[in-house]
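Enquirer: Below is one structure. I have some questions about it.
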Amino acid sequence: MATTTNPITEQNSPATPHKAGFVNIIGKPNVGKSTLMNAMIGERLSIISSKAQTTRHRIMGMLNGDNFQIIYSDTPGIMEPAYELHKAMMNFVDTSLEDADIVLLVTDLFDEPNAAELAKKLKKVQAPIFLLINKIDLTSQEKVNEKMLFWQENLGKEVTIKEIIPVSALQNFNITRIFDLILEYLPENPAYYSKEDFTDKPERFFVAEMVREQIFANYTKEIPYCCEVVVTDFKEDENIIRIRCEILVERASQKGILIGQKGEKLKKVGTVARKNMENFFNKKVFLEQHVKVEPDWRNKRNLLEKFGYAG
Ligand SMILES: Nc1nc2c(ncn2[C@@H]2O[C@H](COP(=O)(O)OP(=O)(O)OP(=O)(O)O)[C@@H](O)[C@H]2O)c(=O)[nH]1
Ligand SMILES: [Mg+2]
């Protein structure tokens, strides 16, 4: 039997309201904020490394549905600034606390929490806060319970926390639970961005990040921290994208380390970064890398602004 629709009940049934808002992910360095955002949106948008201070910008990743638009923001890890660069990074965190509709405060099992310091930052926050204890795949239920209790008794007394949720961003544990809570608490709003969009950042940004990710993966000590990657050319043809980027270091000695004997080390960086770009853009990529010395760039405001660290 063919089903007929009843125009009256159709008209009268309350349409599901459209929800949209900003879900900002904050926390100490290395706790897994970027891994979490990628898990929430199902895309490898933010770069990840085992070293602290990988993320330097506020990176938005959007998840669009018929009745919702969730705009996640991955942010740099909260720390004491030692350079102008860090100050700019912490500004990204502060604005993320101000414009959030929901805050996901990420901690992990190893985070040595200074709850009082965190409480000071969070007291001004109007948005509902969820505290996530990440990396629970690495420990026992008992230890997780201890951590949950710790946060409840310390931070929970100073700040209203909606819920403490154990997670494993790496293994997708409790990701659906967080998603459900977000949909519940997200305000009713029309979409802020086109539903076709999945990020606020341009393609060049991700190119630079993919090179930086390989620098984090392949070098130790100060090298990952003294490097900045700038894309100077991005030309897309039908079959290939031709990219030229400059890697800035602060001293000539760092340039030598970065390039390595016969250029082998930098070549390794470029090979993996290029493959990741090809996956990201679904196109062949030709990547050219140049290393340049730019003394003390981390403290030069004009350069930082040029590299997108303003505001
Ligand atoms: N075992 C385990 N490792 C995780 C989990 N989530 C993240 N990691 C690892 O933790 C490290 C840091 O992850 P990131 O996502 O880069 O951390 P972050 O908080 O964004 O770090 P910054 O950008 O430096 O502030 C990486 O080696 C991740 O693979 C998890 O659930 N379990
Ligand atoms: Mg990160």
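Numbering starts fresh at 1 for the residues of each chain in the structure tokens, the chains themselves are lettered A, B, ... in the order given, and ligands are numbered from 1 as they appear.
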With only C-alpha atoms and all ligand atoms counted and 10 Å as the cut-off, give the residues of chain A in contact with ligand 2, each with its shortest interatomic distance in Å and the pair that gives it, as a tab-separated table.
Expert:
```
residue	atom	partner	partner_atom_place_in_ligand_line	distance
A:Ile25	CA	ligand 2	1 (Mg)	9.8
A:Ile26	CA	ligand 2	1 (Mg)	9.5
A:Gly27	CA	ligand 2	1 (Mg)	9.6
A:Lys28	CA	ligand 2	1 (Mg)	9.5
A:Pro29	CA	ligand 2	1 (Mg)	7.1
A:Asn30	CA	ligand 2	1 (Mg)	6.7
A:Val31	CA	ligand 2	1 (Mg)	8.2
A:Gly32	CA	ligand 2	1 (Mg)	6.6
A:Lys33	CA	ligand 2	1 (Mg)	5.4
A:Ser34	CA	ligand 2	1 (Mg)	4.2
A:Thr35	CA	ligand 2	1 (Mg)	7.2
A:Leu36	CA	ligand 2	1 (Mg)	9.1
A:Met37	CA	ligand 2	1 (Mg)	9.0
A:Ser46	CA	ligand 2	1 (Mg)	6.8
A:Ile47	CA	ligand 2	1 (Mg)	6.6
A:Ile48	CA	ligand 2	1 (Mg)	5.9
A:Ser49	CA	ligand 2	1 (Mg)	7.7
A:Ser50	CA	ligand 2	1 (Mg)	9.7
A:Lys51	CA	ligand 2	1 (Mg)	9.4
A:Ala52	CA	ligand 2	1 (Mg)	8.0
A:Gln53	CA	ligand 2	1 (Mg)	6.8
A:Thr54	CA	ligand 2	1 (Mg)	5.2
A:Thr55	CA	ligand 2	1 (Mg)	4.1
A:Arg56	CA	ligand 2	1 (Mg)	7.6
A:His57	CA	ligand 2	1 (Mg)	8.9
A:Arg58	CA	ligand 2	1 (Mg)	9.5
A:Ile59	CA	ligand 2	1 (Mg)	9.5
A:Asp74	CA	ligand 2	1 (Mg)	6.8
A:Thr75	CA	ligand 2	1 (Mg)	6.6
A:Pro76	CA	ligand 2	1 (Mg)	5.9
A:Gly77	CA	ligand 2	1 (Mg)	6.8
```
Enquirer: When you look at A:Ile247 with a cut-off of 7 Å (counting only C-alpha atoms), what residues show up, excluding the ones that are within fewer than 4 positions of it in the same chain? I need them as an NGL selection string.
Expert: :A and (227-230 or 290-292)
Enquirer: Okay, now the selection with all heavy atoms, as a PDB file, in the first residue's frame?
Expert:
```
ATOM      1  N   CYS A 227      61.535  26.346  14.381  1.00  0.00           N
ATOM      2  CA  CYS A 227      61.136  26.349  12.966  1.00  0.00           C
ATOM      3  C   CYS A 227      59.750  26.931  12.756  1.00  0.00           C
ATOM      4  O   CYS A 227      58.840  26.674  13.534  1.00  0.00           O
ATOM      5  CB  CYS A 227      61.086  24.917  12.419  1.00  0.00           C
ATOM      6  SG  CYS A 227      62.694  24.194  12.164  1.00  0.00           S
ATOM      7  N   GLU A 228      59.627  27.679  11.667  1.00  0.00           N
ATOM      8  CA  GLU A 228      58.303  28.090  11.201  1.00  0.00           C
ATOM      9  C   GLU A 228      58.266  27.791   9.703  1.00  0.00           C
ATOM     10  O   GLU A 228      59.273  27.927   9.020  1.00  0.00           O
ATOM     11  CB  GLU A 228      58.092  29.588  11.456  1.00  0.00           C
ATOM     12  CG  GLU A 228      56.779  30.147  10.958  1.00  0.00           C
ATOM     13  CD  GLU A 228      55.548  29.617  11.714  1.00  0.00           C
ATOM     14  OE1 GLU A 228      55.697  28.793  12.640  1.00  0.00           O
ATOM     15  OE2 GLU A 228      54.423  30.025  11.375  1.00  0.00           O
ATOM     16  N   VAL A 229      57.118  27.376   9.231  1.00  0.00           N
ATOM     17  CA  VAL A 229      57.006  27.037   7.813  1.00  0.00           C
ATOM     18  C   VAL A 229      56.083  28.047   7.134  1.00  0.00           C
ATOM     19  O   VAL A 229      54.987  28.315   7.614  1.00  0.00           O
ATOM     20  CB  VAL A 229      56.458  25.607   7.630  1.00  0.00           C
ATOM     21  CG1 VAL A 229      56.359  25.254   6.150  1.00  0.00           C
ATOM     22  CG2 VAL A 229      57.340  24.606   8.369  1.00  0.00           C
ATOM     23  N   VAL A 230      56.569  28.613   6.042  1.00  0.00           N
ATOM     24  CA  VAL A 230      55.780  29.592   5.289  1.00  0.00           C
ATOM     25  C   VAL A 230      55.625  29.098   3.860  1.00  0.00           C
ATOM     26  O   VAL A 230      56.618  28.773   3.199  1.00  0.00           O
ATOM     27  CB  VAL A 230      56.492  30.972   5.285  1.00  0.00           C
ATOM     28  CG1 VAL A 230      55.690  32.002   4.504  1.00  0.00           C
ATOM     29  CG2 VAL A 230      56.744  31.458   6.711  1.00  0.00           C
ATOM     30  N   HIS A 290      62.784  25.190   1.090  1.00  0.00           N
ATOM     31  CA  HIS A 290      63.981  26.022   1.229  1.00  0.00           C
ATOM     32  C   HIS A 290      64.145  26.407   2.694  1.00  0.00           C
ATOM     33  O   HIS A 290      63.165  26.757   3.345  1.00  0.00           O
ATOM     34  CB  HIS A 290      63.855  27.286   0.384  1.00  0.00           C
ATOM     35  CG  HIS A 290      63.739  26.995  -1.072  1.00  0.00           C
ATOM     36  ND1 HIS A 290      64.821  26.917  -1.907  1.00  0.00           N
ATOM     37  CD2 HIS A 290      62.653  26.705  -1.828  1.00  0.00           C
ATOM     38  CE1 HIS A 290      64.409  26.608  -3.126  1.00  0.00           C
ATOM     39  NE2 HIS A 290      63.097  26.472  -3.109  1.00  0.00           N
ATOM     40  N   VAL A 291      65.386  26.385   3.159  1.00  0.00           N
ATOM     41  CA  VAL A 291      65.614  26.755   4.562  1.00  0.00           C
ATOM     42  C   VAL A 291      66.242  28.145   4.629  1.00  0.00           C
ATOM     43  O   VAL A 291      67.185  28.451   3.874  1.00  0.00           O
ATOM     44  CB  VAL A 291      66.531  25.725   5.268  1.00  0.00           C
ATOM     45  CG1 VAL A 291      66.691  26.088   6.743  1.00  0.00           C
ATOM     46  CG2 VAL A 291      65.964  24.315   5.125  1.00  0.00           C
ATOM     47  N   LYS A 292      65.704  28.973   5.488  1.00  0.00           N
ATOM     48  CA  LYS A 292      66.174  30.358   5.593  1.00  0.00           C
ATOM     49  C   LYS A 292      66.430  30.698   7.057  1.00  0.00           C
ATOM     50  O   LYS A 292      65.673  30.270   7.925  1.00  0.00           O
ATOM     51  CB  LYS A 292      65.045  31.280   5.108  1.00  0.00           C
ATOM     52  CG  LYS A 292      65.429  32.222   4.004  1.00  0.00           C
ATOM     53  CD  LYS A 292      64.211  32.957   3.488  1.00  0.00           C
ATOM     54  CE  LYS A 292      64.022  34.308   4.150  1.00  0.00           C
ATOM     55  NZ  LYS A 292      62.909  35.062   3.540  1.00  0.00           N
TER      56      LYS A 292
END
```
Enquirer: So which bits of stretch 235-288 of chain A end up strand (DSSP E) when you DSSP the backbone, as an MDAnalysis selection string?
Expert: chainID A and resid 235:236 240:249 284:288
Enquirer: What does the file look like for those residues with N, CA and C atoms, as a PDB file, in the first residue's frame?
Expert:
```pdb
ATOM      1  N   LYS A 235      50.400  26.528  -6.433  1.00  0.00           N
ATOM      2  CA  LYS A 235      49.770  26.622  -7.763  1.00  0.00           C
ATOM      3  C   LYS A 235      49.097  25.304  -8.092  1.00  0.00           C
ATOM      4  N   GLU A 236      47.806  25.374  -8.268  1.00  0.00           N
ATOM      5  CA  GLU A 236      47.073  24.145  -8.542  1.00  0.00           C
ATOM      6  C   GLU A 236      46.736  24.046 -10.017  1.00  0.00           C
ATOM      7  N   ILE A 240      48.149  18.421 -10.856  1.00  0.00           N
ATOM      8  CA  ILE A 240      49.219  18.526  -9.842  1.00  0.00           C
ATOM      9  C   ILE A 240      49.148  19.861  -9.090  1.00  0.00           C
ATOM     10  N   ILE A 241      49.557  19.818  -7.837  1.00  0.00           N
ATOM     11  CA  ILE A 241      49.696  21.074  -7.090  1.00  0.00           C
ATOM     12  C   ILE A 241      51.187  21.299  -6.877  1.00  0.00           C
ATOM     13  N   ARG A 242      51.664  22.465  -7.272  1.00  0.00           N
ATOM     14  CA  ARG A 242      53.077  22.796  -7.083  1.00  0.00           C
ATOM     15  C   ARG A 242      53.208  23.748  -5.905  1.00  0.00           C
ATOM     16  N   ILE A 243      53.984  23.292  -4.929  1.00  0.00           N
ATOM     17  CA  ILE A 243      54.083  24.061  -3.689  1.00  0.00           C
ATOM     18  C   ILE A 243      55.539  24.394  -3.394  1.00  0.00           C
ATOM     19  N   ARG A 244      55.767  25.632  -3.016  1.00  0.00           N
ATOM     20  CA  ARG A 244      57.110  26.015  -2.556  1.00  0.00           C
ATOM     21  C   ARG A 244      56.960  26.527  -1.132  1.00  0.00           C
ATOM     22  N   CYS A 245      57.795  26.017  -0.244  1.00  0.00           N
ATOM     23  CA  CYS A 245      57.709  26.553   1.117  1.00  0.00           C
ATOM     24  C   CYS A 245      59.090  26.885   1.661  1.00  0.00           C
ATOM     25  N   GLU A 246      59.078  27.828   2.576  1.00  0.00           N
ATOM     26  CA  GLU A 246      60.318  28.192   3.260  1.00  0.00           C
ATOM     27  C   GLU A 246      60.223  27.739   4.706  1.00  0.00           C
ATOM     28  N   ILE A 247      61.304  27.136   5.163  1.00  0.00           N
ATOM     29  CA  ILE A 247      61.360  26.774   6.578  1.00  0.00           C
ATOM     30  C   ILE A 247      62.317  27.752   7.239  1.00  0.00           C
ATOM     31  N   LEU A 248      61.802  28.491   8.197  1.00  0.00           N
ATOM     32  CA  LEU A 248      62.645  29.470   8.867  1.00  0.00           C
ATOM     33  C   LEU A 248      63.233  28.874  10.134  1.00  0.00           C
ATOM     34  N   VAL A 249      64.520  29.134  10.343  1.00  0.00           N
ATOM     35  CA  VAL A 249      65.170  28.761  11.594  1.00  0.00           C
ATOM     36  C   VAL A 249      65.803  30.028  12.170  1.00  0.00           C
ATOM     37  N   LYS A 284      48.210  14.849  -7.007  1.00  0.00           N
ATOM     38  CA  LYS A 284      49.667  14.765  -6.958  1.00  0.00           C
ATOM     39  C   LYS A 284      50.242  16.112  -6.506  1.00  0.00           C
ATOM     40  N   VAL A 285      51.310  16.036  -5.720  1.00  0.00           N
ATOM     41  CA  VAL A 285      51.911  17.277  -5.212  1.00  0.00           C
ATOM     42  C   VAL A 285      53.401  17.296  -5.536  1.00  0.00           C
ATOM     43  N   PHE A 286      53.865  18.440  -5.992  1.00  0.00           N
ATOM     44  CA  PHE A 286      55.301  18.662  -6.137  1.00  0.00           C
ATOM     45  C   PHE A 286      55.688  19.663  -5.058  1.00  0.00           C
ATOM     46  N   LEU A 287      56.603  19.253  -4.173  1.00  0.00           N
ATOM     47  CA  LEU A 287      56.939  20.106  -3.025  1.00  0.00           C
ATOM     48  C   LEU A 287      58.410  20.507  -3.043  1.00  0.00           C
ATOM     49  N   GLU A 288      58.620  21.812  -2.956  1.00  0.00           N
ATOM     50  CA  GLU A 288      59.982  22.360  -2.903  1.00  0.00           C
ATOM     51  C   GLU A 288      60.182  22.977  -1.515  1.00  0.00           C
TER      52      GLU A 288
END
```
Enquirer: Choose the residue, out of A:Asn276, A:Gln171, A:Thr160, A:Thr16, that has the smallest atom-to-atom separation from ligand 1; count only C-alpha atoms and all ligand atoms.
Expert: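 Looking only at the distances to ligand 1, the closest residue turns out to be A:Gln171.
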Enquirer: Running DSSP on the backbone, which parts of stretch 139-287 of chain A land in alpha helix (DSSP H), as a PyMOL selection string?
Expert: chain A and resi 141-153+155-158+175-185+203-218+223-226+252-259+264-281
Enquirer: Taking into account only C-alpha atoms and all ligand atoms, which residue in the set A:Ile102, A:Val211, A:Ile164, A:Ile133 is nearest to ligand 1?
Expert: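 Checking each of A:Ile102, A:Val211, A:Ile164, A:Ile133 against ligand 1, counting only C-alpha atoms and all ligand atoms, the winner is A:Ile133.
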Enquirer: Given the choices A:Gln126, A:Thr95, A:Ser194, A:Asn174, which gets closest to ligand 1 if the distance is worked out from only C-alpha atoms and all ligand atoms?
Expert: A:Asn174
Enquirer: Of the candidates A:Gln261, A:Gln289, A:Asn38, A:Asn67, which shows the shortest atom-to-atom distance to ligand 1, using only C-alpha atoms and all ligand atoms?
Expert: A:Asn38
Enquirer: So how many Å separate atom CA of A:Arg44 and atom CA of A:Gln141, to one decimal?
Expert: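 Atom CA of A:Arg44 sits 28.8 Å away from atom CA of A:Gln141.
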Enquirer: Considering only C-alpha atoms and all ligand atoms, state which residue in the set A:Glu158, A:Glu98, A:Glu250, A:Asp108 is at the smallest distance from ligand 1.
Expert: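 Residue with the minimum atom-to-atom distance to ligand 1: A:Asp108.
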Enquirer: Give the answer as one residue: which of A:Leu104, A:Ile259, A:Ala169, A:Leu186 has the shortest atom-to-atom distance to A:Ala20, using only C-alpha atoms?
Expert: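 Looking at the shortest contact to A:Ala20, the residue is A:Leu186.
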Enquirer: Report, in Å to a single decimal, how far apart atom CA of A:Val231 and atom CA of A:Gly270 are.
Expert: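 Distance between the two atoms: 13.3 Å.
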Enquirer: For A:Asn114, find every residue with an atom within 12 Å (counting only C-alpha atoms), except residues of its own chain fewer than 4 positions away, and show them as an mmCIF file with N, CA, C and O atoms, in the first residue's frame.
Expert:
```cif
data_model
loop_
_atom_site.group_PDB
_atom_site.id
_atom_site.type_symbol
_atom_site.label_atom_id
_atom_site.label_comp_id
_atom_site.auth_asym_id
_atom_site.auth_seq_id
_atom_site.Cartn_x
_atom_site.Cartn_y
_atom_site.Cartn_z
ATOM 1 N N GLY A 27 43.346 23.060 27.101
ATOM 2 C CA GLY A 27 44.039 22.198 28.057
ATOM 3 C C GLY A 27 45.532 22.374 27.943
ATOM 4 O O GLY A 27 46.021 23.140 27.103
ATOM 5 N N LYS A 28 46.279 21.679 28.809
ATOM 6 C CA LYS A 28 47.742 21.770 28.811
ATOM 7 C C LYS A 28 48.315 21.201 27.505
ATOM 8 O O LYS A 28 47.638 20.444 26.812
ATOM 9 N N ILE A 78 47.976 25.281 27.081
ATOM 10 C CA ILE A 78 48.160 26.397 28.026
ATOM 11 C C ILE A 78 49.513 26.291 28.728
ATOM 12 O O ILE A 78 49.848 25.249 29.297
ATOM 13 N N MET A 79 50.293 27.358 28.696
ATOM 14 C CA MET A 79 51.631 27.367 29.330
ATOM 15 C C MET A 79 52.035 28.798 29.658
ATOM 16 O O MET A 79 51.381 29.748 29.259
ATOM 17 N N THR A 107 42.299 17.007 29.895
ATOM 18 C CA THR A 107 43.455 16.694 30.734
ATOM 19 C C THR A 107 43.831 15.260 30.374
ATOM 20 O O THR A 107 43.094 14.583 29.675
ATOM 21 N N LEU A 118 44.081 26.831 37.013
ATOM 22 C CA LEU A 118 43.087 26.576 35.975
ATOM 23 C C LEU A 118 41.752 27.209 36.351
ATOM 24 O O LEU A 118 41.070 27.805 35.518
ATOM 25 N N ALA A 119 41.417 27.086 37.636
ATOM 26 C CA ALA A 119 40.139 27.633 38.117
ATOM 27 C C ALA A 119 40.076 29.135 37.860
ATOM 28 O O ALA A 119 39.045 29.665 37.465
ATOM 29 N N LYS A 120 41.232 29.804 38.052
ATOM 30 C CA LYS A 120 41.285 31.251 37.848
ATOM 31 C C LYS A 120 40.869 31.606 36.415
ATOM 32 O O LYS A 120 40.117 32.529 36.172
ATOM 33 N N LYS A 121 41.410 30.837 35.469
ATOM 34 C CA LYS A 121 41.094 31.050 34.057
ATOM 35 C C LYS A 121 39.618 30.743 33.756
ATOM 36 O O LYS A 121 38.970 31.446 32.993
ATOM 37 N N PHE A 150 39.887 13.340 41.934
ATOM 38 C CA PHE A 150 40.789 14.473 42.136
ATOM 39 C C PHE A 150 40.188 15.746 41.539
ATOM 40 O O PHE A 150 40.110 16.789 42.187
ATOM 41 N N TRP A 151 39.765 15.662 40.275
ATOM 42 C CA TRP A 151 39.252 16.845 39.578
ATOM 43 C C TRP A 151 37.963 17.342 40.217
ATOM 44 O O TRP A 151 37.742 18.532 40.359
ATOM 45 N N ASN A 154 38.944 19.074 43.508
ATOM 46 C CA ASN A 154 39.729 20.295 43.416
ATOM 47 C C ASN A 154 39.049 21.332 42.532
ATOM 48 O O ASN A 154 38.428 22.265 43.025
ATOM 49 N N LEU A 155 39.114 21.111 41.236
ATOM 50 C CA LEU A 155 38.531 22.092 40.313
ATOM 51 C C LEU A 155 37.011 22.190 40.491
ATOM 52 O O LEU A 155 36.441 23.273 40.426
#
```
Enquirer: Need the shell around A:Leu258: protein/DNA/RNA residues with any atom at most 10 Å away, counting only C-alpha atoms. Skip same-chain ones fewer than 4 positions apart. Format as a ChimeraX atom specification?
Expert: /A:215,218-219,223-224,227,247,249,252-254,263-267,269,291
